[in-house]
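S.K.: Contents are mmCIF, C-alpha atoms and all ligand atoms; file name work22.cif:
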data_coords
loop_
_atom_site.label_atom_id
_atom_site.label_comp_id
_atom_site.auth_asym_id
_atom_site.auth_seq_id
_atom_site.Cartn_x
_atom_site.Cartn_y
_atom_site.Cartn_z
CA MET A 1 99.64 -48.14 355.96
CA ARG A 2 99.24 -51.76 354.82
CA ILE A 3 95.91 -53.20 355.87
CA GLU A 4 96.78 -56.63 357.26
CA GLN A 5 93.53 -57.87 358.71
CA VAL A 6 89.84 -57.02 358.85
CA GLU A 7 87.37 -58.64 361.20
CA LEU A 8 83.61 -58.22 360.84
CA ARG A 9 81.19 -58.86 363.67
CA HIS A 10 77.46 -58.63 363.43
CA VAL A 11 76.43 -57.78 366.99
CA ARG A 12 72.98 -57.65 368.53
CA LEU A 13 72.11 -55.40 371.44
CA PRO A 14 68.70 -54.63 372.92
CA LEU A 15 67.77 -50.95 373.23
CA VAL A 16 66.65 -49.73 376.65
CA HIS A 17 63.52 -48.27 375.01
CA PRO A 18 62.14 -49.40 371.65
CA PHE A 19 62.68 -46.57 369.15
CA GLN A 20 59.64 -45.66 367.07
CA THR A 21 59.70 -43.32 364.08
CA SER A 22 57.38 -42.62 361.17
CA PHE A 23 59.03 -45.56 359.35
CA GLY A 24 58.76 -48.22 362.05
CA GLU A 25 59.91 -49.47 365.42
CA GLU A 26 63.19 -51.00 366.54
CA ALA A 27 63.75 -52.79 369.82
CA GLU A 28 67.23 -54.05 369.05
CA ARG A 29 70.30 -52.80 367.23
CA ASP A 30 72.19 -54.94 364.72
CA PRO A 31 75.31 -53.09 363.60
CA ILE A 32 78.51 -54.55 362.17
CA ILE A 33 81.60 -53.75 364.20
CA VAL A 34 84.73 -53.59 362.06
CA THR A 35 88.18 -54.28 363.51
CA MET A 36 91.15 -53.43 361.30
CA ARG A 37 94.79 -54.33 361.98
CA ALA A 38 97.91 -52.69 360.55
CA GLU A 39 101.44 -52.00 361.79
CA GLY A 40 100.72 -53.78 365.07
CA LEU A 41 97.80 -51.43 365.80
CA VAL A 42 94.07 -52.16 366.11
CA GLY A 43 91.34 -49.79 364.87
CA HIS A 44 87.57 -49.97 365.28
CA GLY A 45 84.67 -48.69 363.23
CA GLU A 46 80.94 -49.29 363.00
CA SER A 47 78.59 -49.91 360.11
CA ALA A 48 75.45 -48.77 361.93
CA THR A 49 73.04 -50.90 359.96
CA MET A 50 69.51 -51.85 360.87
CA ALA A 51 67.77 -55.11 360.11
CA GLY A 52 65.42 -53.52 357.54
CA PRO A 53 65.81 -50.99 354.68
CA TRP A 54 63.52 -48.33 356.18
CA TYR A 55 65.80 -45.41 356.92
CA LEU A 56 68.43 -46.18 354.28
CA TYR A 57 68.35 -48.95 351.68
CA GLU A 58 71.16 -50.85 353.38
CA THR A 59 70.46 -53.61 355.87
CA THR A 60 72.78 -55.66 358.05
CA GLU A 61 72.63 -58.44 355.44
CA THR A 62 73.41 -56.25 352.43
CA CYS A 63 76.20 -54.58 354.36
CA TRP A 64 77.75 -57.91 355.28
CA HIS A 65 77.57 -58.98 351.64
CA ILE A 66 79.11 -55.75 350.30
CA LEU A 67 81.86 -55.78 352.92
CA ARG A 68 82.77 -59.46 352.55
CA ASP A 69 82.45 -59.79 348.77
CA PHE A 70 83.54 -56.38 347.51
CA LEU A 71 85.01 -53.84 349.91
CA VAL A 72 87.24 -55.99 352.10
CA PRO A 73 88.83 -57.77 349.09
CA ILE A 74 89.76 -54.47 347.40
CA ILE A 75 91.49 -52.99 350.44
CA LEU A 76 93.01 -56.04 352.14
CA GLY A 77 96.79 -56.21 351.80
CA GLN A 78 96.85 -52.79 350.15
CA ASP A 79 99.16 -50.02 351.20
CA VAL A 80 96.78 -47.12 351.78
CA PRO A 81 98.35 -43.73 352.54
CA ASP A 82 95.34 -41.83 353.86
CA ALA A 83 91.54 -41.72 354.03
CA GLY A 84 91.37 -40.24 350.52
CA GLY A 85 93.35 -43.23 349.25
CA LEU A 86 90.94 -45.59 351.00
CA GLN A 87 87.95 -43.84 349.40
CA ASP A 88 89.54 -43.98 345.98
CA ARG A 89 89.94 -47.74 346.29
CA MET A 90 86.36 -48.17 347.46
CA ALA A 91 84.91 -45.76 344.87
CA PRO A 92 84.07 -48.43 342.24
CA VAL A 93 81.44 -49.71 344.68
CA ARG A 94 78.42 -47.46 344.29
CA GLY A 95 76.63 -46.24 347.38
CA HIS A 96 76.59 -48.62 350.37
CA HIS A 97 77.68 -45.82 352.64
CA LEU A 98 77.20 -47.64 355.92
CA ALA A 99 79.45 -50.46 354.70
CA LYS A 100 82.18 -48.01 353.64
CA THR A 101 81.89 -46.06 356.88
CA GLY A 102 82.71 -49.06 359.10
CA LEU A 103 85.97 -49.57 357.23
CA GLU A 104 86.89 -45.92 356.94
CA GLN A 105 86.25 -45.27 360.62
CA ALA A 106 88.47 -48.20 361.62
CA PHE A 107 91.13 -46.79 359.30
CA TRP A 108 90.95 -43.30 360.91
CA ASP A 109 91.25 -44.90 364.35
CA LEU A 110 94.46 -46.56 363.11
CA LEU A 111 95.76 -43.28 361.66
CA ALA A 112 95.21 -41.48 364.97
CA LYS A 113 96.79 -44.34 366.94
CA ARG A 114 99.81 -44.33 364.66
CA GLU A 115 100.22 -40.60 365.36
CA GLY A 116 99.57 -41.19 369.06
CA VAL A 117 96.84 -38.54 369.14
CA PRO A 118 93.07 -38.48 369.75
CA LEU A 119 90.84 -39.11 366.74
CA ALA A 120 89.34 -35.61 367.05
CA ARG A 121 92.78 -34.16 366.38
CA VAL A 122 93.35 -35.99 363.08
CA LEU A 123 89.83 -35.09 361.93
CA GLY A 124 90.64 -31.42 362.51
CA GLY A 125 88.48 -30.81 365.60
CA HIS A 126 89.27 -28.68 368.60
CA ARG A 127 86.53 -28.92 371.23
CA ASP A 128 87.08 -30.69 374.60
CA ALA A 129 83.37 -31.39 375.01
CA ILE A 130 80.40 -31.52 372.67
CA GLU A 131 76.83 -30.36 373.27
CA SER A 132 74.47 -33.26 373.61
CA GLY A 133 70.86 -33.52 372.47
CA VAL A 134 68.47 -36.43 372.55
CA SER A 135 66.06 -37.88 369.99
CA VAL A 136 62.79 -39.13 371.48
CA GLY A 137 60.80 -41.70 369.54
CA ILE A 138 57.04 -41.76 369.09
CA GLN A 139 55.49 -42.91 372.36
CA PRO A 140 52.31 -44.88 373.17
CA SER A 141 50.73 -41.73 374.62
CA VAL A 142 51.38 -38.00 375.03
CA GLU A 143 51.72 -38.55 378.81
CA ALA A 144 54.47 -41.11 378.19
CA LEU A 145 56.23 -38.67 375.88
CA LEU A 146 56.06 -35.84 378.42
CA GLU A 147 57.50 -38.10 381.12
CA ARG A 148 60.33 -39.22 378.89
CA ILE A 149 61.14 -35.61 377.97
CA ALA A 150 61.01 -34.55 381.63
CA ASP A 151 63.63 -37.20 382.43
CA TYR A 152 65.93 -36.06 379.64
CA VAL A 153 65.52 -32.39 380.51
CA SER A 154 66.41 -33.11 384.12
CA ASP A 155 69.43 -35.13 382.95
CA GLY A 156 70.59 -31.89 381.30
CA TYR A 157 70.27 -32.62 377.57
CA ARG A 158 70.66 -29.38 375.65
CA ARG A 159 67.91 -29.95 373.14
CA ILE A 160 65.05 -32.34 372.64
CA LYS A 161 64.06 -33.78 369.26
CA ILE A 162 60.73 -35.48 368.94
CA LYS A 163 59.70 -37.73 366.11
CA ILE A 164 56.49 -36.75 364.33
CA LYS A 165 54.23 -38.39 361.77
CA PRO A 166 50.74 -37.59 360.45
CA GLY A 167 48.42 -37.94 363.44
CA TRP A 168 51.27 -37.38 365.93
CA ASP A 169 52.30 -33.81 365.26
CA VAL A 170 50.64 -30.48 366.04
CA SER A 171 48.70 -31.46 369.15
CA VAL A 172 51.70 -33.38 370.51
CA VAL A 173 54.05 -30.45 369.92
CA ARG A 174 51.51 -28.14 371.58
CA SER A 175 51.45 -30.32 374.72
CA VAL A 176 55.23 -30.50 374.81
CA ARG A 177 55.51 -26.72 374.44
CA GLU A 178 52.96 -26.11 377.21
CA GLN A 179 55.00 -28.15 379.64
CA PHE A 180 58.45 -27.12 378.33
CA PRO A 181 58.11 -23.54 377.04
CA GLU A 182 61.83 -22.77 377.09
CA THR A 183 63.42 -26.08 376.11
CA PRO A 184 65.28 -26.01 372.78
CA LEU A 185 62.97 -28.23 370.75
CA MET A 186 62.85 -29.63 367.22
CA VAL A 187 60.88 -32.25 365.30
CA ASP A 188 61.92 -34.98 362.84
CA ALA A 189 59.35 -36.37 360.37
CA ASN A 190 61.58 -38.92 358.63
CA ALA A 191 60.02 -38.03 355.25
CA ALA A 192 56.44 -38.73 356.30
CA TYR A 193 54.74 -35.68 354.71
CA THR A 194 54.10 -34.07 351.33
CA LEU A 195 53.51 -30.48 350.21
CA GLN A 196 49.81 -31.15 350.72
CA ASP A 197 50.58 -30.86 354.44
CA LEU A 198 51.71 -27.24 354.17
CA GLU A 199 49.14 -26.13 356.77
CA THR A 200 50.62 -28.52 359.33
CA PHE A 201 54.04 -26.92 358.92
CA LYS A 202 52.59 -23.41 359.01
CA THR A 203 50.96 -24.30 362.31
CA LEU A 204 54.23 -25.74 363.61
CA ASP A 205 55.80 -22.34 362.86
CA GLY A 206 53.96 -21.05 365.93
CA PHE A 207 55.90 -23.21 368.42
CA GLY A 208 59.37 -21.71 368.22
CA LEU A 209 61.03 -24.90 366.99
CA MET A 210 64.75 -24.80 366.27
CA MET A 211 64.10 -26.66 363.02
CA VAL A 212 61.97 -29.29 361.34
CA GLU A 213 64.02 -32.25 360.14
CA GLN A 214 63.31 -34.08 356.88
CA PRO A 215 59.62 -33.25 356.51
CA LEU A 216 59.24 -34.52 352.91
CA SER A 217 60.35 -37.39 350.72
CA TYR A 218 63.97 -38.43 350.85
CA GLU A 219 64.24 -37.88 347.10
CA ASP A 220 62.65 -34.48 346.90
CA LEU A 221 65.00 -31.51 347.21
CA LEU A 222 62.73 -29.36 345.05
CA ASP A 223 59.66 -29.77 347.24
CA HIS A 224 61.77 -29.04 350.31
CA ALA A 225 62.79 -25.76 348.66
CA ARG A 226 59.12 -24.99 348.00
CA LEU A 227 58.22 -25.75 351.59
CA GLN A 228 61.14 -23.75 353.00
CA SER A 229 60.03 -20.69 351.04
CA GLN A 230 56.61 -20.84 352.72
CA ILE A 231 57.51 -21.50 356.35
CA GLU A 232 59.59 -19.66 358.95
CA THR A 233 61.09 -22.62 360.76
CA PRO A 234 64.42 -23.71 359.27
CA ILE A 235 64.30 -27.04 357.48
CA CYS A 236 67.11 -29.44 358.34
CA LEU A 237 67.79 -32.23 355.87
CA ASP A 238 68.78 -35.76 356.85
CA GLU A 239 67.71 -38.55 354.44
CA SER A 240 67.72 -36.22 351.39
CA VAL A 241 71.41 -35.42 351.68
CA GLY A 242 73.32 -38.67 351.39
CA THR A 243 76.20 -37.25 349.36
CA PHE A 244 78.31 -34.11 349.05
CA GLN A 245 76.66 -33.45 345.68
CA GLN A 246 73.18 -33.61 347.18
CA VAL A 247 74.22 -31.12 349.86
CA ARG A 248 75.53 -28.75 347.14
CA LEU A 249 72.24 -29.01 345.35
CA ALA A 250 70.21 -28.50 348.54
CA LEU A 251 72.16 -25.34 349.41
CA GLU A 252 71.83 -24.04 345.87
CA LEU A 253 68.07 -24.63 345.86
CA ASP A 254 67.60 -23.35 349.43
CA SER A 255 66.00 -26.68 350.33
CA CYS A 256 67.25 -26.35 353.89
CA ARG A 257 68.95 -23.93 356.28
CA ILE A 258 70.61 -26.54 358.52
CA VAL A 259 72.23 -29.90 357.70
CA ASN A 260 72.25 -33.05 359.82
CA ILE A 261 75.57 -34.77 359.07
CA LYS A 262 75.72 -38.47 359.89
CA PRO A 263 79.07 -39.94 358.91
CA GLY A 264 77.33 -43.26 358.18
CA ARG A 265 74.73 -41.79 355.84
CA VAL A 266 77.23 -39.76 353.81
CA GLY A 267 79.82 -42.53 353.38
CA GLY A 268 82.36 -41.93 356.10
CA PRO A 269 84.35 -39.35 358.03
CA LEU A 270 86.09 -37.82 355.01
CA GLN A 271 82.79 -37.05 353.25
CA ALA A 272 81.39 -35.75 356.54
CA ILE A 273 84.32 -33.33 356.81
CA LYS A 274 83.86 -32.19 353.20
CA ILE A 275 80.17 -31.52 353.80
CA HIS A 276 81.02 -29.75 357.05
CA ASP A 277 83.44 -27.48 355.21
CA LEU A 278 81.02 -26.78 352.38
CA CYS A 279 78.26 -25.82 354.81
CA GLN A 280 80.66 -23.70 356.83
CA SER A 281 81.64 -21.67 353.79
CA ALA A 282 77.94 -21.26 352.91
CA GLY A 283 77.13 -20.06 356.45
CA VAL A 284 74.90 -23.09 357.10
CA PRO A 285 75.22 -24.65 360.56
CA VAL A 286 75.45 -28.42 360.92
CA TRP A 287 75.02 -30.92 363.72
CA CYS A 288 75.98 -34.55 364.08
CA GLY A 289 73.11 -36.98 363.75
CA GLY A 290 73.15 -40.56 364.96
CA LEU A 291 72.07 -44.06 364.07
CA LEU A 292 71.72 -45.40 367.59
CA GLU A 293 75.39 -46.38 367.46
CA THR A 294 77.23 -48.46 370.01
CA GLY A 295 80.13 -46.83 371.83
CA VAL A 296 82.36 -47.47 368.81
CA GLY A 297 80.32 -45.41 366.35
CA ARG A 298 79.53 -42.96 369.14
CA ALA A 299 83.24 -42.32 369.73
CA HIS A 300 83.61 -41.53 366.02
CA ASN A 301 80.60 -39.20 366.12
CA VAL A 302 81.87 -37.41 369.24
CA ALA A 303 85.22 -36.81 367.54
CA MET A 304 83.49 -35.55 364.38
CA ALA A 305 81.34 -33.12 366.36
CA THR A 306 84.49 -31.34 367.61
CA LEU A 307 84.85 -29.63 364.20
CA PRO A 308 83.94 -25.92 364.37
CA ASN A 309 80.77 -25.77 362.25
CA PHE A 310 79.08 -28.48 364.35
CA SER A 311 77.53 -25.56 366.15
CA LEU A 312 74.22 -27.07 367.29
CA PRO A 313 73.67 -29.89 369.82
CA GLY A 314 73.50 -33.21 367.97
CA ASP A 315 71.89 -36.62 368.39
CA ILE A 316 74.89 -37.85 370.32
CA SER A 317 73.46 -38.89 373.65
CA ALA A 318 75.02 -40.82 376.51
CA SER A 319 75.43 -44.61 376.24
CA ASP A 320 72.72 -45.24 378.86
CA ARG A 321 70.08 -43.53 376.69
CA TYR A 322 70.49 -46.48 374.29
CA PHE A 323 71.92 -49.51 376.08
CA SER A 324 71.96 -50.87 379.62
CA GLU A 325 75.61 -51.73 379.00
CA ASP A 326 77.71 -50.35 376.13
CA ILE A 327 80.52 -52.24 374.38
CA VAL A 328 83.18 -49.66 375.28
CA ASN A 329 84.85 -48.61 378.50
CA PRO A 330 84.29 -46.11 379.81
CA PRO A 331 80.80 -45.64 378.36
CA PHE A 332 79.82 -42.15 377.18
CA ARG A 333 78.28 -40.15 380.01
CA LEU A 334 76.34 -36.91 380.07
CA ASN A 335 77.95 -34.15 382.13
CA PRO A 336 75.56 -32.16 384.35
CA ASP A 337 75.88 -29.22 381.92
CA GLY A 338 74.54 -31.32 379.02
CA THR A 339 77.85 -31.94 377.33
CA ILE A 340 79.83 -35.11 376.61
CA THR A 341 83.55 -34.98 377.22
CA VAL A 342 85.72 -35.82 374.22
CA PRO A 343 88.04 -38.73 375.08
CA THR A 344 91.68 -37.69 375.36
CA GLY A 345 93.28 -41.10 374.75
CA THR A 346 94.72 -42.01 371.36
CA GLY A 347 92.40 -42.97 368.49
CA ILE A 348 88.76 -43.36 369.52
CA GLY A 349 89.97 -43.01 373.11
CA VAL A 350 87.76 -45.72 374.60
CA GLU A 351 88.48 -49.45 375.03
CA VAL A 352 86.31 -52.00 373.28
CA ASP A 353 85.17 -54.57 375.84
CA GLU A 354 86.24 -57.75 374.02
CA ASP A 355 84.32 -60.13 376.28
CA ARG A 356 81.14 -58.18 375.95
CA LEU A 357 81.63 -57.89 372.20
CA GLU A 358 82.11 -61.64 371.95
CA SER A 359 78.96 -62.31 374.00
CA LEU A 360 76.89 -60.10 371.67
CA THR A 361 78.32 -61.46 368.42
CA ALA A 362 75.81 -63.22 366.17
CA ARG A 363 78.29 -63.77 363.33
CA LYS A 364 81.99 -63.18 362.84
CA GLU A 365 84.42 -63.46 359.94
CA THR A 366 88.11 -62.60 359.75
CA PHE A 367 90.02 -61.78 356.57
CA ALA A 368 93.81 -61.74 356.51
CA ALA A 369 96.09 -60.47 353.77
O1 LIG B 401 66.19 -39.81 361.55
O2 LIG B 401 67.71 -39.05 362.77
C1 LIG B 401 67.03 -40.00 362.40
C2 LIG B 401 67.86 -43.08 364.49
C3 LIG B 401 67.85 -44.05 363.52
C4 LIG B 401 67.56 -43.71 362.22
C5 LIG B 401 67.25 -42.39 361.90
C6 LIG B 401 67.26 -41.41 362.87
C7 LIG B 401 67.53 -41.77 364.19
C8 LIG B 401 67.47 -40.83 365.31
C9 LIG B 401 68.21 -41.16 366.58
O3 LIG B 401 66.79 -39.83 365.31
C10 LIG B 401 69.59 -40.65 366.60
C11 LIG B 401 70.42 -41.21 367.73
O4 LIG B 401 70.13 -40.91 368.88
O5 LIG B 401 71.40 -41.93 367.45
MG MG B 402 66.45 -37.74 361.04
#
Could I get this structure in the form of structure tokens?
Ligand code: OSB
Ligand code: MG
M.R.:
Amino acid sequence: MRIEQVELRHVRLPLVHPFQTSFGEEAERDPIIVTMRAEGLVGHGESATMAGPWYLYETTETCWHILRDFLVPIILGQDVPDAGGLQDRMAPVRGHHLAKTGLEQAFWDLLAKREGVPLARVLGGHRDAIESGVSVGIQPSVEALLERIADYVSDGYRRIKIKIKPGWDVSVVRSVREQFPETPLMVDANAAYTLQDLETFKTLDGFGLMMVEQPLSYEDLLDHARLQSQIETPICLDESVGTFQQVRLALELDSCRIVNIKPGRVGGPLQAIKIHDLCQSAGVPVWCGGLLETGVGRAHNVAMATLPNFSLPGDISASDRYFSEDIVNPPFRLNPDGTITVPTGTGIGVEVDEDRLESLTARKETFAA
């Protein structure tokens, strides 16, 4: 497929609730929406960047720079047979996974549209609906957190993830457990602890959590292995596994028992599939994480989560958990049973609302072969 045109749009959308984690607070999303044209078809992808380098080193600015000055020039006008071919061309650029993901997702949307099938099908997925969980940020008070959780539980979400940090951990989890004894519950520390906090994690073992996500430094697979050997609760890695090779190492070291796969963090759908397959053959369950994506990235995540080893509810929530109005039609909705239906149309299976996209665009640039 010859890539004829790429359009980049930095869009800005307010979140319905500011999202606070151990690394900071975000009230607005600033992703880059990628539109790719080939063979008379239009594909969409999302580089789910944030304004600052707190979760990953990339920012919206660095992503724009890498896309405009390096990645778009090496793929534009090229005849690319498949996603592997696209990755090979982009391989000389080190890292910058969010930038690569926007392009690769748009390319997969085109591949599926050319075949006339849903994206999930070309990725190798089979499910009609995916199990939906929700990630709840740090709140101003425990009461506020309990209210937010009560709303999500009554919406039907299949598991609740709460963000923790030193000072907002054991007593908060205890309160949540008292009010929601049966709810599938997990915590995400976003790398805020060290092995010195072993007692905190031993105490958390008493609350029947599904897993504890990324307790320690994003660079420390060895300490995660040491922690895992001393606690019962499965560790799930997020920030520490940004590549296939890091996942191999983590499994070898027993640094985790569950993997959060975010296509954006690992460099695109093809890497996500490879990690999925590796974990499947190692008997390690995975789930699809999120980066507060718009409907475009969400559609890609929903399709990814249809693969068989995505066997736990992910951070793929309904559009209204993030935005008062999404940029796709129809928006993603939560079914009463806590699932999200996989679109059946071709490609991503939802329509990008061009007027809304235009009204949210802070910057736009088009590159033609
Ligand atoms: O650590 O999983 C994370 C959002 C932004 C950056 C990092 C994380 C998150 C989430 C929310 O937890 C996931 C989502 O609902 O998209
Ligand atoms: Mg996380």
S.K.: Would you mind telling me which residue in A:Arg68, A:Arg356, A:Arg177, A:His276 lies nearest to Ala99 of chain A when using all atoms listed in the file?
M.R.: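 Using all atoms listed in the file, the shortest distance to Ala99 of chain A belongs to A:Arg68.
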S.K.: Excluding Lys202 of chain A and any residue of its chain fewer than 4 positions from it, enumerate the residues within 8 Å of it, using all atoms listed in the file, and give them as JSON, numbers by chain.
M.R.: {"A": [198, 206, 230, 231, 232]}
S.K.: Please return as a ChimeraX atom specification every residue within 8 Å of (74.8, -62.4, 365.1), taking into account all atoms listed in the file and the file's own coordinates.
M.R.: /A:9-12,30,360-364
S.K.: Go through A:Leu15, A:Glu131, A:Asp205, A:Ala299 and flag the residue nearest Ala27 of chain A, using only C-alpha atoms for the distances.
M.R.: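 Of A:Leu15, A:Glu131, A:Asp205, A:Ala299, the one nearest Ala27 of chain A, counting only C-alpha atoms, is A:Leu15.
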S.K.: At most 8 Å is the cut-off: for each residue in chain A with any atom that close to an atom of ligand MG 402 (chain B), write down the nearest atom pair and the distance in Å rounded to one decimal, counting all atoms listed in the file, chain first then increasing number, as a tab-separated table.
M.R.:
residue	atom	partner	partner_atom	distance
A:Asp188	CA	B:MG402	MG	5.6
A:Ala189	CA	B:MG402	MG	7.3
A:Asn190	CA	B:MG402	MG	5.6
A:Glu213	CA	B:MG402	MG	6.1
A:Gln214	CA	B:MG402	MG	6.4
A:Leu237	CA	B:MG402	MG	7.7
A:Asp238	CA	B:MG402	MG	5.2
A:Glu239	CA	B:MG402	MG	6.8
A:Asn260	CA	B:MG402	MG	7.6
A:Gly289	CA	B:MG402	MG	7.2
S.K.: Please report, as JSON lines, each residue of segment 166-230 of chain A lying at most 7 Å from segment 157-161 of chain A, together with the nearest pair of atoms and the separation in Å rounded to one decimal; use all atoms listed in the file, and order rows by chain and ascending residue number.
M.R.:
{"residue": "A:Thr183", "atom": "CA", "partner": "A:Arg159", "partner_atom": "CA", "distance": 6.6}
{"residue": "A:Pro184", "atom": "CA", "partner": "A:Arg159", "partner_atom": "CA", "distance": 4.8}
{"residue": "A:Leu185", "atom": "CA", "partner": "A:Ile160", "partner_atom": "CA", "distance": 5.0}
{"residue": "A:Met186", "atom": "CA", "partner": "A:Lys161", "partner_atom": "CA", "distance": 4.8}
{"residue": "A:Val187", "atom": "CA", "partner": "A:Lys161", "partner_atom": "CA", "distance": 5.3}
{"residue": "A:Asp188", "atom": "CA", "partner": "A:Lys161", "partner_atom": "CA", "distance": 6.9}
S.K.: Between A:Glu58, A:Glu354, A:Asp337, A:Glu26, which residue has the minimum interatomic distance to ligand LIG 401 (chain B), considering all atoms listed in the file?
M.R.: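 Among the listed residues, A:Glu26 lies closest to ligand LIG 401 (chain B).
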S.K.: Give me the residues near Ser319 of chain A as a list of chain:residue names, where near means some atom within 10 Å (using all atoms listed in the file) and where sequence neighbours in that chain fewer than 6 positions away do not count.
M.R.: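 That gives A:Leu292, A:Glu293, A:Thr294, A:Gly295, A:Arg298, A:Glu325, A:Asp326, A:Ile327, A:Val328, A:Pro330, A:Pro331, A:Phe332, A:Arg333, A:Leu334.
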S.K.: Mind pulling up the distance from atom CA of Ala191 of chain A to atom CA of Pro269 of chain A?
M.R.: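 Computing the Euclidean distance for atom CA of Pro269 of chain A and atom CA of Ala191 of chain A yields 24.5 Å.
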S.K.: How many Å separate atom CA of Pro336 of chain A from atom CA of Val352 of chain A?
M.R.: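 These atoms are spaced 25.1 Å apart.
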